[in-house]
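Here is the file structure_30.cif (mmCIF, C-alpha atoms).
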```cif
data_protein
#
loop_
_atom_site.label_atom_id
_atom_site.label_comp_id
_atom_site.auth_asym_id
_atom_site.auth_seq_id
_atom_site.Cartn_x
_atom_site.Cartn_y
_atom_site.Cartn_z
CA MET A 1 90.71 151.62 19.19
CA HIS A 2 94.01 149.84 18.71
CA ARG A 3 95.58 148.64 21.94
CA ASP A 4 98.50 151.04 21.68
CA THR A 5 95.93 153.83 21.71
CA VAL A 6 93.94 152.31 24.58
CA VAL A 7 97.00 152.40 26.86
CA VAL A 8 97.05 156.18 26.42
CA ALA A 9 93.36 157.04 26.06
CA GLY A 10 91.70 154.58 28.44
CA GLY A 11 90.74 155.28 32.02
CA ARG A 12 90.56 159.07 31.61
CA PRO A 13 88.04 161.31 33.43
CA GLU A 14 84.91 162.37 31.59
CA PRO A 15 85.90 164.99 28.94
CA THR A 16 83.97 167.89 30.41
CA HIS A 17 85.12 171.51 30.56
CA ASP A 18 87.96 172.01 33.05
CA ALA A 19 88.09 168.31 33.87
CA PRO A 20 91.54 166.96 34.77
CA VAL A 21 93.31 165.06 32.02
CA ASN A 22 94.43 162.35 34.46
CA PRO A 23 92.36 160.54 37.07
CA PRO A 24 93.05 161.76 40.61
CA VAL A 25 94.45 159.70 43.45
CA VAL A 26 91.43 159.20 45.71
CA LEU A 27 92.65 158.87 49.28
CA THR A 28 89.68 157.78 51.36
CA SER A 29 88.73 154.89 53.58
CA THR A 30 84.97 155.32 53.22
CA TYR A 31 82.22 157.05 51.21
CA ARG A 32 79.17 159.10 52.15
CA GLY A 33 75.85 157.27 52.10
CA VAL A 34 72.57 156.67 53.93
CA GLY A 35 70.01 153.91 53.85
CA THR A 36 70.43 150.37 52.60
CA VAL A 37 73.64 149.81 50.67
CA ALA A 38 72.61 149.09 47.07
CA GLU A 39 74.37 147.10 44.37
CA GLY A 40 77.07 149.29 42.88
CA ASP A 41 77.42 151.59 45.87
CA ARG A 42 81.02 152.17 46.86
CA SER A 43 80.19 152.20 50.57
CA TYR A 44 83.66 151.33 51.89
CA ALA A 45 87.12 151.60 50.35
CA ARG A 46 87.98 147.91 50.80
CA LEU A 47 85.35 147.24 48.13
CA THR A 48 86.56 149.67 45.48
CA ASN A 49 88.28 152.96 44.78
CA PRO A 50 87.91 155.27 41.76
CA THR A 51 91.68 155.15 41.17
CA TRP A 52 91.62 151.35 40.97
CA GLU A 53 88.61 151.55 38.68
CA ALA A 54 90.49 153.60 36.08
CA PHE A 55 93.30 151.02 35.98
CA GLU A 56 90.80 148.13 35.93
CA ASP A 57 88.89 149.63 33.01
CA VAL A 58 92.04 150.07 30.91
CA LEU A 59 93.30 146.55 31.59
CA ALA A 60 89.89 145.08 30.74
CA GLN A 61 89.90 146.94 27.40
CA LEU A 62 93.40 145.70 26.64
CA GLU A 63 92.50 142.09 27.42
CA GLY A 64 89.16 142.27 25.61
CA ALA A 65 87.18 141.47 28.76
CA PRO A 66 83.42 142.06 29.11
CA CYS A 67 83.81 143.44 32.65
CA PRO A 68 86.42 145.45 34.58
CA ALA A 69 89.57 143.77 35.83
CA LEU A 70 90.22 143.29 39.54
CA SER A 71 93.23 144.96 41.16
CA TYR A 72 95.19 143.20 43.88
CA ALA A 73 97.90 144.20 46.32
CA SER A 74 100.53 142.14 44.45
CA GLY A 75 100.95 139.62 41.70
CA MET A 76 100.93 136.90 44.36
CA ALA A 77 97.66 138.23 45.77
CA ALA A 78 96.17 137.98 42.28
CA ILE A 79 97.53 134.44 41.90
CA THR A 80 96.11 133.52 45.30
CA GLY A 81 92.71 134.85 44.32
CA ALA A 82 92.66 132.89 41.08
CA LEU A 83 93.90 129.64 42.66
CA SER A 84 91.24 129.89 45.36
CA LEU A 85 88.72 128.95 42.66
CA VAL A 86 90.05 125.37 42.77
CA PRO A 87 87.53 123.57 45.02
CA VAL A 88 88.61 121.88 48.22
CA GLY A 89 89.61 118.35 47.28
CA GLY A 90 90.02 119.35 43.64
CA THR A 91 92.97 119.12 41.27
CA LEU A 92 95.16 121.84 39.81
CA VAL A 93 97.25 121.23 36.69
CA VAL A 94 100.24 123.59 36.56
CA PRO A 95 103.40 123.84 34.42
CA ARG A 96 106.51 122.37 36.05
CA HIS A 97 108.28 125.54 35.00
CA SER A 98 106.26 128.45 36.34
CA TYR A 99 106.81 131.46 38.49
CA GLN A 100 108.23 130.02 41.70
CA GLY A 101 105.66 131.83 43.84
CA THR A 102 102.85 130.05 41.98
CA LEU A 103 104.49 126.66 42.49
CA GLN A 104 105.28 127.34 46.16
CA LEU A 105 101.70 128.39 46.90
CA ALA A 106 100.22 125.42 45.03
CA ARG A 107 102.45 122.96 46.89
CA ARG A 108 101.70 124.59 50.23
CA TRP A 109 97.98 124.22 49.64
CA GLN A 110 98.54 120.63 48.53
CA ASP A 111 100.47 119.94 51.74
CA ARG A 112 97.53 121.32 53.70
CA GLY A 113 95.18 118.96 51.87
CA ILE A 114 93.26 121.72 50.11
CA PHE A 115 93.81 120.38 46.60
CA THR A 116 96.06 118.09 44.57
CA VAL A 117 98.71 119.41 42.19
CA ARG A 118 99.69 117.81 38.89
CA THR A 119 102.75 119.30 37.20
CA VAL A 120 103.12 119.05 33.43
CA ASP A 121 105.46 120.04 30.64
CA ILE A 122 103.17 122.74 29.28
CA ALA A 123 104.88 122.60 25.87
CA ASP A 124 103.77 118.95 25.55
CA THR A 125 100.18 119.45 24.47
CA ALA A 126 99.14 115.79 24.46
CA ALA A 127 100.54 115.14 27.94
CA THR A 128 98.93 118.29 29.32
CA LEU A 129 95.54 117.39 27.88
CA ALA A 130 95.83 113.89 29.34
CA ALA A 131 96.52 115.42 32.76
CA LEU A 132 93.23 117.35 32.60
CA ASP A 133 91.06 114.27 33.13
CA GLY A 134 89.33 114.82 36.46
CA ALA A 135 91.04 118.18 37.00
CA ASP A 136 89.37 121.41 38.12
CA MET A 137 91.77 124.10 36.88
CA LEU A 138 94.49 124.35 34.27
CA TRP A 139 97.07 127.02 35.02
CA ILE A 140 99.10 128.17 32.02
CA GLU A 141 102.18 130.31 31.64
CA SER A 142 103.26 131.04 28.09
CA PRO A 143 106.07 131.84 27.68
CA THR A 144 107.02 130.12 30.93
CA ASN A 145 109.13 131.61 33.68
CA PRO A 146 112.11 131.29 33.51
CA VAL A 147 112.82 128.87 30.63
CA LEU A 148 110.46 130.44 28.03
CA GLU A 149 108.59 127.36 26.86
CA VAL A 150 105.56 128.16 24.71
CA ALA A 151 102.20 126.47 25.24
CA ASP A 152 99.72 125.76 22.46
CA LEU A 153 97.10 128.06 23.95
CA PRO A 154 94.23 127.41 21.49
CA ALA A 155 94.55 123.63 21.80
CA LEU A 156 94.91 123.59 25.59
CA LEU A 157 92.12 126.07 26.22
CA ARG A 158 89.80 124.23 23.84
CA GLY A 159 90.64 120.88 25.45
CA ALA A 160 90.06 122.27 28.93
CA ARG A 161 86.70 123.72 27.95
CA GLU A 162 85.63 120.37 26.48
CA ARG A 163 86.45 118.79 29.86
CA ALA A 164 84.76 121.59 31.86
CA VAL A 165 88.11 122.57 33.40
CA LEU A 166 88.51 126.19 34.47
CA THR A 167 91.50 127.90 32.83
CA ALA A 168 93.80 130.67 34.06
CA VAL A 169 96.61 132.16 31.98
CA ASP A 170 99.43 134.16 33.55
CA ASN A 171 99.98 136.77 30.84
CA THR A 172 102.69 138.75 32.65
CA PHE A 173 105.51 137.99 30.18
CA ALA A 174 103.47 138.61 27.02
CA THR A 175 101.28 141.50 28.21
CA PRO A 176 97.89 142.10 26.58
CA LEU A 177 99.63 143.95 23.74
CA LEU A 178 101.09 140.68 22.45
CA GLN A 179 98.65 138.00 23.59
CA GLN A 180 94.94 137.98 24.50
CA PRO A 181 94.12 134.66 26.20
CA LEU A 182 90.44 135.51 26.76
CA ALA A 183 89.93 135.66 22.99
CA LEU A 184 91.43 132.17 22.78
CA GLY A 185 89.01 130.77 25.37
CA ALA A 186 90.61 131.39 28.77
CA ASP A 187 88.39 131.97 31.80
CA LEU A 188 90.90 134.09 33.70
CA VAL A 189 93.98 136.14 32.90
CA VAL A 190 96.43 136.96 35.69
CA HIS A 191 99.04 139.72 35.75
CA SER A 192 101.81 140.79 38.02
CA ALA A 193 101.23 144.46 37.28
CA THR A 194 104.54 145.06 39.05
CA LYS A 195 106.25 144.02 35.83
CA TYR A 196 105.49 145.36 32.33
CA LEU A 197 102.20 147.08 33.10
CA ALA A 198 103.61 149.43 35.74
CA GLY A 199 107.01 149.13 34.10
CA HIS A 200 109.30 151.17 36.38
CA SER A 201 110.22 148.80 39.22
CA ASP A 202 108.59 151.11 41.75
CA VAL A 203 105.25 149.50 42.57
CA ILE A 204 103.95 146.10 43.72
CA MET A 205 100.52 145.23 42.33
CA GLY A 206 98.56 142.47 40.60
CA ALA A 207 95.39 141.99 38.62
CA VAL A 208 92.92 139.35 37.44
CA VAL A 209 90.76 139.73 34.34
CA CYS A 210 87.66 137.54 34.00
CA ALA A 211 85.80 136.24 30.97
CA SER A 212 82.40 136.64 32.66
CA GLN A 213 80.69 138.90 35.17
CA PRO A 214 79.64 136.03 37.50
CA LEU A 215 83.27 134.93 37.78
CA ARG A 216 84.33 138.51 38.52
CA ASP A 217 81.57 138.87 41.13
CA ARG A 218 82.84 135.77 42.88
CA LEU A 219 86.43 137.00 42.97
CA HIS A 220 85.37 140.54 43.91
CA SER A 221 83.44 139.22 46.91
CA GLN A 222 86.44 137.18 47.98
CA ARG A 223 88.87 140.07 47.52
CA SER A 224 86.62 142.35 49.55
CA LEU A 225 86.44 139.88 52.43
CA GLU A 226 90.09 138.90 52.46
CA GLY A 227 91.39 142.41 51.87
CA GLY A 228 94.07 141.78 49.24
CA ILE A 229 93.61 145.25 47.80
CA PRO A 230 96.15 147.75 46.44
CA GLY A 231 96.60 151.28 47.73
CA PRO A 232 95.20 154.01 45.50
CA PHE A 233 98.64 155.51 44.93
CA GLU A 234 99.95 152.12 43.71
CA ALA A 235 97.02 151.90 41.29
CA TRP A 236 97.73 155.43 40.06
CA LEU A 237 101.40 154.57 39.48
CA ALA A 238 100.44 151.39 37.63
CA LEU A 239 98.05 153.29 35.35
CA ARG A 240 100.71 155.91 34.67
CA GLY A 241 103.08 153.10 33.73
CA VAL A 242 100.53 151.60 31.35
CA ARG A 243 100.51 154.86 29.39
CA THR A 244 103.99 154.08 28.01
CA LEU A 245 103.61 150.30 27.76
CA ALA A 246 103.49 150.22 23.96
CA VAL A 247 106.61 152.31 23.40
CA ARG A 248 108.55 150.64 26.22
CA LEU A 249 107.69 147.19 24.95
CA GLU A 250 108.54 148.06 21.35
CA ARG A 251 112.01 149.29 22.35
CA SER A 252 112.68 146.38 24.72
CA MET A 253 111.59 143.76 22.19
CA ALA A 254 113.76 145.20 19.44
CA SER A 255 116.79 145.06 21.72
CA ALA A 256 115.88 141.59 23.02
CA ALA A 257 115.71 140.20 19.49
CA GLU A 258 119.07 141.71 18.59
CA LEU A 259 120.72 140.44 21.76
CA ALA A 260 119.28 136.96 21.26
CA HIS A 261 120.88 136.70 17.82
CA ARG A 262 124.23 137.96 19.08
CA LEU A 263 124.22 135.72 22.13
CA GLN A 264 123.61 132.68 19.94
CA ARG A 265 126.90 133.35 18.20
CA HIS A 266 129.01 133.94 21.29
CA PRO A 267 131.40 131.04 22.06
CA ALA A 268 130.64 131.18 25.80
CA VAL A 269 126.91 130.55 25.26
CA ALA A 270 125.51 127.03 25.03
CA ARG A 271 121.84 127.85 24.54
CA VAL A 272 119.50 130.81 24.17
CA ARG A 273 115.74 130.52 24.62
CA TYR A 274 113.76 133.32 23.03
CA PRO A 275 110.52 132.69 21.09
CA GLY A 276 111.54 135.24 18.46
CA LEU A 277 114.46 133.11 17.27
CA PRO A 278 113.43 131.02 14.25
CA GLU A 279 115.39 128.09 15.75
CA ASP A 280 113.58 128.27 19.09
CA PRO A 281 111.35 125.22 19.81
CA GLY A 282 108.43 127.54 20.60
CA HIS A 283 108.85 129.91 17.68
CA GLU A 284 106.04 128.62 15.43
CA ARG A 285 103.50 128.55 18.26
CA ALA A 286 104.54 131.98 19.49
CA ALA A 287 104.31 133.42 15.98
CA ALA A 288 100.77 132.05 15.67
CA GLN A 289 99.42 133.31 19.00
CA MET A 290 101.61 136.27 19.99
CA HIS A 291 100.77 139.22 17.77
CA GLY A 292 103.18 142.12 17.50
CA GLY A 293 106.27 140.58 19.04
CA PHE A 294 107.82 137.92 21.22
CA GLY A 295 108.44 139.76 24.47
CA ALA A 296 111.66 141.00 26.01
CA VAL A 297 112.82 138.19 28.31
CA LEU A 298 115.65 135.80 27.37
CA ALA A 299 116.95 132.65 29.03
CA VAL A 300 120.68 132.16 28.46
CA VAL A 301 122.70 129.09 29.44
CA PRO A 302 126.48 129.59 29.32
CA HIS A 303 128.82 126.72 28.41
CA VAL A 304 130.30 126.97 31.90
CA ASP A 305 128.09 125.11 34.36
CA ASP A 306 129.91 126.46 37.42
CA ALA A 307 127.34 128.50 39.36
CA ALA A 308 130.06 130.55 41.06
CA ALA A 309 131.58 131.55 37.71
CA VAL A 310 128.17 132.60 36.42
CA GLU A 311 127.52 134.61 39.58
CA GLU A 312 130.87 136.32 39.08
CA LEU A 313 129.86 137.22 35.54
CA VAL A 314 126.66 138.80 36.86
CA SER A 315 128.47 140.70 39.60
CA ARG A 316 130.87 142.30 37.10
CA LEU A 317 128.15 143.73 34.84
CA ARG A 318 127.77 147.50 34.95
CA VAL A 319 124.87 148.35 32.65
CA TRP A 320 122.75 145.34 33.55
CA THR A 321 121.35 145.38 37.09
CA PRO A 322 121.71 142.13 39.05
CA ALA A 323 118.24 141.81 40.56
CA THR A 324 115.13 139.69 40.50
CA SER A 325 111.90 140.76 38.74
CA LEU A 326 111.47 141.90 35.15
CA GLY A 327 109.58 144.23 32.85
CA GLY A 328 111.06 147.53 34.05
CA VAL A 329 112.80 150.21 32.03
CA GLU A 330 116.17 148.99 33.31
CA SER A 331 117.72 145.72 32.11
CA LEU A 332 117.89 143.07 34.83
CA VAL A 333 119.88 139.84 34.95
CA GLU A 334 119.69 136.99 37.42
CA ARG A 335 120.91 133.43 37.89
CA ARG A 336 117.55 131.93 38.71
CA ARG A 337 118.76 128.99 40.76
CA ARG A 338 120.08 131.39 43.39
CA HIS A 339 116.51 131.03 44.67
CA HIS A 340 116.38 127.74 46.56
CA ASP A 341 112.72 127.21 45.60
CA GLU A 342 113.37 127.36 41.85
CA PRO A 343 112.56 123.96 40.25
CA GLY A 344 115.53 121.58 40.07
CA SER A 345 114.98 121.15 36.33
CA VAL A 346 116.08 124.76 35.79
CA PRO A 347 119.82 124.63 35.02
CA GLU A 348 122.11 125.95 37.75
CA ASN A 349 123.77 128.29 35.26
CA LEU A 350 120.64 129.63 33.57
CA LEU A 351 120.51 133.42 33.37
CA ARG A 352 117.19 135.19 32.97
CA LEU A 353 117.59 138.50 31.16
CA SER A 354 114.88 141.15 31.22
CA VAL A 355 115.78 143.62 28.49
CA GLY A 356 115.02 147.24 29.26
CA ILE A 357 115.13 150.38 27.15
CA GLU A 358 118.82 151.30 27.31
CA ASN A 359 120.90 151.57 24.15
CA VAL A 360 121.31 148.04 22.81
CA GLU A 361 125.01 148.55 22.05
CA ASP A 362 125.73 149.41 25.67
CA LEU A 363 123.81 146.35 26.80
CA TRP A 364 125.72 144.15 24.38
CA GLN A 365 129.16 145.50 25.22
CA ASP A 366 128.51 144.90 28.90
CA LEU A 367 127.26 141.34 28.31
CA ARG A 368 130.01 140.49 25.85
CA ALA A 369 132.73 141.63 28.23
CA GLY A 370 131.36 139.31 30.88
CA LEU A 371 130.94 136.38 28.53
CA ASP A 372 134.42 136.83 27.05
CA ARG A 373 135.87 136.10 30.49
CA LEU A 374 134.09 132.71 30.46
CA VAL A 375 135.49 131.54 27.14
CA ASP A 376 138.76 130.16 28.49
CA ARG A 377 137.28 128.54 31.60
#
```
Can you dump the structure from the file as structure tokens?
Amino acid sequence: MHRDTVVVAGGRPEPTHDAPVNPPVVLTSTYRGVGTVAEGDRSYARLTNPTWEAFEDVLAQLEGAPCPALSYASGMAAITGALSLVPVGGTLVVPRHSYQGTLQLARRWQDRGIFTVRTVDIADTAATLAALDGADMLWIESPTNPVLEVADLPALLRGARERAVLTAVDNTFATPLLQQPLALGADLVVHSATKYLAGHSDVIMGAVVCASQPLRDRLHSQRSLEGGIPGPFEAWLALRGVRTLAVRLERSMASAAELAHRLQRHPAVARVRYPGLPEDPGHERAAAQMHGGFGAVLAVVPHVDDAAAVEELVSRLRVWTPATSLGGVESLVERRRRHHDEPGSVPENLLRLSVGIENVEDLWQDLRAGLDRLVDR
């Protein structure tokens, strides 16, 4: 099936007479059983839950994985699980521009002496490949958060495999509808399911998808022991959100592309990063490895470099919601450097825009009114 059918048809109960159309929320802490616990037995609800399993099956189908995904309590829990595969004393290669939680966790573990961190410009393929010598894991975001750089996934994943370096790709921005890293050679795909997968800004959840069963078994054992599991209701909400992923993403991307073109022409805007723009440095790569669209997140840098003026612009918006996160049905805007842990190379005045499903003209009028006030500053 096509992926936009899988989001609707996957993870359903067996089609027997009088069966429910949707999987139920299974609220239990344990399961009936006697005798020795066998492989595949549910046994206890920290190990698995039928409601998670429905979500995990759908995500695995979407990512083209040979085994079910693994659900986690949050995107950060999923990131933590994946990063734990770096051996003690090993080396992690990570983009200098990544989700700040990933960078914070990596640096914290480095400070504790667990592993060494090498940061790279992930858009510089040669430099990234050179940094892989002696490394244990390559972490990739593409497009990156929040500046939307695009990595050459086939080249980096191939180079990592040649060097026996484990690879993990955070696919949150692209979603499996636009990009399938496992097919390009990745070992792991990580998602903050909070974002596009769930899609309604009402659930916190994460997931990891593995390229092999042994790798999944290892992470499943760790998740079961450490307890970074979601609640069944969160998994049910995430699966319900996945049902509309294709139509939500289609609408958001169409509006994002239109807004990117208009923002380019506004006199208050110095730079727009969006892989769908032909002028964008990452456009050719994105067109080659993102199929069906370029996502719905924009990075906008106004001419005014006064952080206070940019914050004032954000505070005056009425259709856009000033909030962190992304991938929901509502359009969100944020000056990323308001977070003190955001990398210093991210401009103070950079705005990250997550385009939702509102009418694009309303979104534009709201943005334009704010930007017009910056023109004479």
List as an MDAnalysis selection string the protein and nucleic acid residues near A:Ile229, meaning an atom at most 9 Å away when only C-alpha atoms are counted, but skip any in the same chain fewer than 4 places from it. chainID A and resid 46:48 71:74 77 205 223:224
Considering all atoms listed in the file, can you say which of A:Gly293, A:Pro13, A:Thr91, A:Thr30 comes closest to A:Glu53?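 Closest residue, counting all atoms listed in the file: A:Pro13.
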Neighbour list for A:Glu312 as a short mmCIF file (atom, residue, chain, number, x, y, z; two decimals) with C-alpha atoms, keeping the file's coordinate frame, cut-off 9 Å, all atoms listed in the file, skip fewer than 5 positions in-chain:
```cif
data_model
loop_
_atom_site.label_atom_id
_atom_site.label_comp_id
_atom_site.auth_asym_id
_atom_site.auth_seq_id
_atom_site.Cartn_x
_atom_site.Cartn_y
_atom_site.Cartn_z
CA ALA A 307 127.34 128.50 39.36
CA LEU A 317 128.15 143.73 34.84
CA GLY A 370 131.36 139.31 30.88
#
```
Atomic separation - atom CA of A:Leu85 relative to atom CA of A:Val190, Å: 13.1 Å
Non-local contacts of A:Val117 (7 Å; all atoms listed in the file; under 5 positions in same chain excluded) as a count of residues only: 6
Would you compute the distance between atom CA of A:Pro322 and atom CA of A:Leu277? Give it in Å to one decimal.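 Between these atoms lies a distance of 24.7 Å.
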Taking the file as shown, find all residues satisfying the PyMOL selection byres ((chain A and resi 301) around 7) and write them as a ChimeraX atom specification. /A:269-272,299-300,302-303,349-351
Selection file, C-alpha atoms, as an mmCIF file, in the frame of the given file:
```
data_model
loop_
_atom_site.group_PDB
_atom_site.id
_atom_site.type_symbol
_atom_site.label_atom_id
_atom_site.label_comp_id
_atom_site.auth_asym_id
_atom_site.auth_seq_id
_atom_site.Cartn_x
_atom_site.Cartn_y
_atom_site.Cartn_z
ATOM 1 C CA VAL A 269 126.910 130.550 25.260
ATOM 2 C CA ALA A 270 125.510 127.030 25.030
ATOM 3 C CA ARG A 271 121.840 127.850 24.540
ATOM 4 C CA VAL A 272 119.500 130.810 24.170
ATOM 5 C CA ALA A 299 116.950 132.650 29.030
ATOM 6 C CA VAL A 300 120.680 132.160 28.460
ATOM 7 C CA PRO A 302 126.480 129.590 29.320
ATOM 8 C CA HIS A 303 128.820 126.720 28.410
ATOM 9 C CA ASN A 349 123.770 128.290 35.260
ATOM 10 C CA LEU A 350 120.640 129.630 33.570
ATOM 11 C CA LEU A 351 120.510 133.420 33.370
#
```
